[in-house]
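Structure first, commentary second.
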Amino acid sequence: MKSSTAGTAIVVDSIACIPAHLAAGFNIETIPVNILFNGTLYRDMVDLTSARAYEFIRRDPGTWKSSAASPEEYIELFRRLGPAVKNILVITISARLSGFYNSAMLARQIARKEMPEVEIEILDSRTVAAAEGLMALAAARAAGAGRAFKDIVSAAEQVREKVSFLGLLETIEYVYRTGRIPRLASQLGSRLSLKPLLTGSDGSIRLAGAVRTRQAGIEKMLAIMRQRTGSRPVHVAVMHADAPEEAEALEHRISREFACAELFVTDFSPIMAYATGRGTLALAFYPQA
């Protein structure tokens with residue numbers, strides 16, 4: 001079992017895109033998405049790597065299914081953590097996009113009866129991917145500094161109010177899988193070589209526009225980031241769906257052009273890549289106060 005910091009455990013779902021070395025360094029617990037492919041059940045980031053998941057999606061998307069962790073999986077984690085901690089903060093992907101939040105809330109009801117001495121807070125991130133992950137990292141730093149539990153929760157909430165998510169898709173072809181646009185429209189957009197730009201807003205993912213070239217999309221994302229952060233130090237996560245070289249190049253550019261208080265590259269969640277397609281580049285960022 002991981003040892004908690006200052007008596008507080010931080011828990012996220014695997015969609016938060018926190019690299020394993022950062023999760024381990026900050027004692028962040030990750031509860032995996034369940035993925036069913038071709039009749040076999042996998043746990044995201046446990047017995048299925050992102051690279052292999054991307055290959056599954058490419059090979060046979062029709063047999064790909066995923067589901068949020070169940071209340072039972074959360075209560076099992078709470079029981080494991082309970083003897084070593086006083087507080088547990090669970091941060092989930094937006095409740096509008098997945099059932100993680102509801103599962104965690106149901107598990108908390110059970111945990112309150114079984115371990116009333118442990119305070120459990122469930123926080124809807126209202127966002128996705130590494131934007132959620134950046135909230136967890138802020139909370140973990142507050143825990144590491146020995147701050148009170150209410151201040152640890154507040155640290156995550158403060159990031160929630162200012163964190164942004166942007167995603168550049170290689171093609172619009174697969175967005176129909178989200179149910180947000182008809183398949184015919186996505187196929188037409190693909191023929192026109194449109195590359196959608198997605199953003200997070202009010203707990204949902206929305207289409208923010210489209211560009212003709214990948215470079216134009218990258219420039220657009222960086223321009224939005226400059227507009228929202230100004231000259232302040234910025235915390236940034238660069239995500240990619242099977243495009244590591246482009247992600248590293250984007251990371252290097254951001255390190256040169258922005259005052260980065262935090263900057264890392266991570267795999268884009270395969271759960272989201274199912275709808276966006278391989279080649280997706282995404283950013284999560286927020287300005288430091």
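In the structure tokens, the first chain shown is A, the next is B, and so on; residue numbers restart at 1 for each chain, and ligands run from 1 in the order shown.
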Show me, as a VMD selection string, the residues that have an atom within 9 Å of stretch 222-229 of chain A when counting only C-alpha atoms, minus same-chain residues fewer than 4 positions from it. chain A and resid 164 166 217 to 218 233 to 234 254 258 283 285 to 288
Selection: 7 Å around A:Ser66, only C-alpha atoms, excl. self and same-chain fewer than 3 positions, as JSON, numbers by chain: {"A": [33, 34, 35, 36]}
Using only C-alpha atoms: which of A:Ala145, A:Ala95, A:Ile18, A:Val11 has the shortest distance to A:Thr266: A:Ile18
Using only C-alpha atoms for the distances, tell me which of A:Thr280, A:Ser269, A:Thr127, A:Ser50 is nearest to A:Arg214. A:Thr280
Give me the residues within 8 Å of stretch 103-112 of chain A as a PyMOL selection string, counting only C-alpha atoms and dropping any in the same chain fewer than 4 places off. chain A and resi 68-72+74-75+78-79+90+99+116+118-120+122
With N, CA, C and O atoms kept, could you save the residues just selected as an mmCIF file, in the first residue's frame?
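Heads up, here's the output in result_23.cif:
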```cif
data_model
loop_
_atom_site.group_PDB
_atom_site.id
_atom_site.type_symbol
_atom_site.label_atom_id
_atom_site.label_comp_id
_atom_site.auth_asym_id
_atom_site.auth_seq_id
_atom_site.Cartn_x
_atom_site.Cartn_y
_atom_site.Cartn_z
ATOM 1 N N ALA A 68 -17.280 3.051 -16.290
ATOM 2 C CA ALA A 68 -16.705 3.658 -15.098
ATOM 3 C C ALA A 68 -16.512 2.610 -14.017
ATOM 4 O O ALA A 68 -17.139 1.551 -14.024
ATOM 5 N N ALA A 69 -15.642 2.909 -13.080
ATOM 6 C CA ALA A 69 -15.482 2.032 -11.926
ATOM 7 C C ALA A 69 -16.808 1.955 -11.171
ATOM 8 O O ALA A 69 -17.572 2.922 -11.118
ATOM 9 N N SER A 70 -17.092 0.806 -10.613
ATOM 10 C CA SER A 70 -18.333 0.593 -9.881
ATOM 11 C C SER A 70 -18.206 1.117 -8.456
ATOM 12 O O SER A 70 -17.096 1.338 -7.953
ATOM 13 N N PRO A 71 -19.326 1.310 -7.753
ATOM 14 C CA PRO A 71 -19.247 1.664 -6.330
ATOM 15 C C PRO A 71 -18.444 0.648 -5.534
ATOM 16 O O PRO A 71 -17.714 1.008 -4.594
ATOM 17 N N GLU A 72 -18.563 -0.634 -5.914
ATOM 18 C CA GLU A 72 -17.821 -1.683 -5.207
ATOM 19 C C GLU A 72 -16.315 -1.493 -5.343
ATOM 20 O O GLU A 72 -15.564 -1.737 -4.388
ATOM 21 N N TYR A 74 -14.777 1.379 -5.773
ATOM 22 C CA TYR A 74 -14.402 2.507 -4.915
ATOM 23 C C TYR A 74 -14.381 2.106 -3.447
ATOM 24 O O TYR A 74 -13.438 2.461 -2.714
ATOM 25 N N ILE A 75 -15.376 1.371 -2.980
ATOM 26 C CA ILE A 75 -15.401 1.014 -1.560
ATOM 27 C C ILE A 75 -14.242 0.085 -1.225
ATOM 28 O O ILE A 75 -13.665 0.165 -0.132
ATOM 29 N N PHE A 78 -11.410 2.417 -0.694
ATOM 30 C CA PHE A 78 -11.560 3.117 0.584
ATOM 31 C C PHE A 78 -11.172 2.209 1.747
ATOM 32 O O PHE A 78 -10.514 2.650 2.697
ATOM 33 N N ARG A 79 -11.579 0.958 1.675
ATOM 34 C CA ARG A 79 -11.236 0.015 2.747
ATOM 35 C C ARG A 79 -9.727 -0.199 2.833
ATOM 36 O O ARG A 79 -9.170 -0.368 3.917
ATOM 37 N N VAL A 90 -11.486 12.328 -3.389
ATOM 38 C CA VAL A 90 -11.675 11.689 -4.690
ATOM 39 C C VAL A 90 -12.045 12.770 -5.698
ATOM 40 O O VAL A 90 -13.004 13.515 -5.501
ATOM 41 N N GLY A 99 -19.853 8.008 -15.281
ATOM 42 C CA GLY A 99 -20.495 7.617 -14.033
ATOM 43 C C GLY A 99 -19.573 7.530 -12.841
ATOM 44 O O GLY A 99 -20.002 7.083 -11.762
ATOM 45 N N PRO A 116 -16.408 5.542 9.965
ATOM 46 C CA PRO A 116 -16.850 6.918 10.231
ATOM 47 C C PRO A 116 -15.720 7.846 10.639
ATOM 48 O O PRO A 116 -15.868 9.073 10.573
ATOM 49 N N VAL A 118 -12.977 8.229 9.030
ATOM 50 C CA VAL A 118 -12.302 8.726 7.829
ATOM 51 C C VAL A 118 -13.229 9.688 7.098
ATOM 52 O O VAL A 118 -14.355 9.351 6.748
ATOM 53 N N GLU A 119 -12.757 10.914 6.874
ATOM 54 C CA GLU A 119 -13.543 11.892 6.127
ATOM 55 C C GLU A 119 -13.273 11.723 4.634
ATOM 56 O O GLU A 119 -12.107 11.693 4.200
ATOM 57 N N ILE A 120 -14.346 11.597 3.864
ATOM 58 C CA ILE A 120 -14.227 11.386 2.419
ATOM 59 C C ILE A 120 -14.956 12.503 1.691
ATOM 60 O O ILE A 120 -16.130 12.757 1.943
ATOM 61 N N ILE A 122 -15.905 13.921 -2.192
ATOM 62 C CA ILE A 122 -15.972 13.583 -3.610
ATOM 63 C C ILE A 122 -16.109 14.887 -4.393
ATOM 64 O O ILE A 122 -17.057 15.648 -4.175
#
```
So which bits of stretch 148-270 of chain A end up helix (DSSP H, G or I) when you DSSP the backbone, as a PyMOL selection string? chain A and resi 149-160+175-178+183-191+214-229+244-257+270
Atomic separation - atom CA of A:Val238 relative to atom CA of A:Glu170, Å: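 Distance between the two atoms: 15.6 Å.
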Counting only C-alpha atoms, figure out which residue out of A:Leu22, A:Met45, A:Ile10, A:Ala243 gets nearest to A:Ile152.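 Looking at the shortest contact to A:Ile152, the residue is A:Ile10.
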Could you give me, as a ChimeraX atom specification, each residue of stretch 60-250 of chain A that DSSP assigns to strand (DSSP E) when run on this structure's backbone? /A:64-67,87-92,119-124,164-168,195-201,204-211,234-240
Quick one, how far is atom CA of A:Phe268 from atom CA of A:Ala282?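 Taking atom CA of A:Phe268 as the start and atom CA of A:Ala282 as the end point, the length is 7.6 Å.
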By how many Å are atom CA of A:Ala156 and atom CA of A:Pro244 apart?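 Taking atom CA of A:Ala156 and atom CA of A:Pro244, their separation equals 28.3 Å.
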Neighbours of stretch 270-278 of chain A within 10 Å (only C-alpha atoms; same-chain residues fewer than 3 positions away dropped), as a PyMOL selection string? chain A and resi 14-15+17+33-35+44-45+49-58+61+64-67+128-129+167-179+196+198+240-243+267+281
Counting only C-alpha atoms, which of A:Leu41, A:Leu137, A:Leu197, A:Leu97 gets nearest to A:Pro19? A:Leu137
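With only C-alpha atoms as the atoms that count, the minimum distance from A:Ser125 to the choices A:Lys113, A:Phe100, A:Ile93, A:Val163 is reached by A:Ile93.
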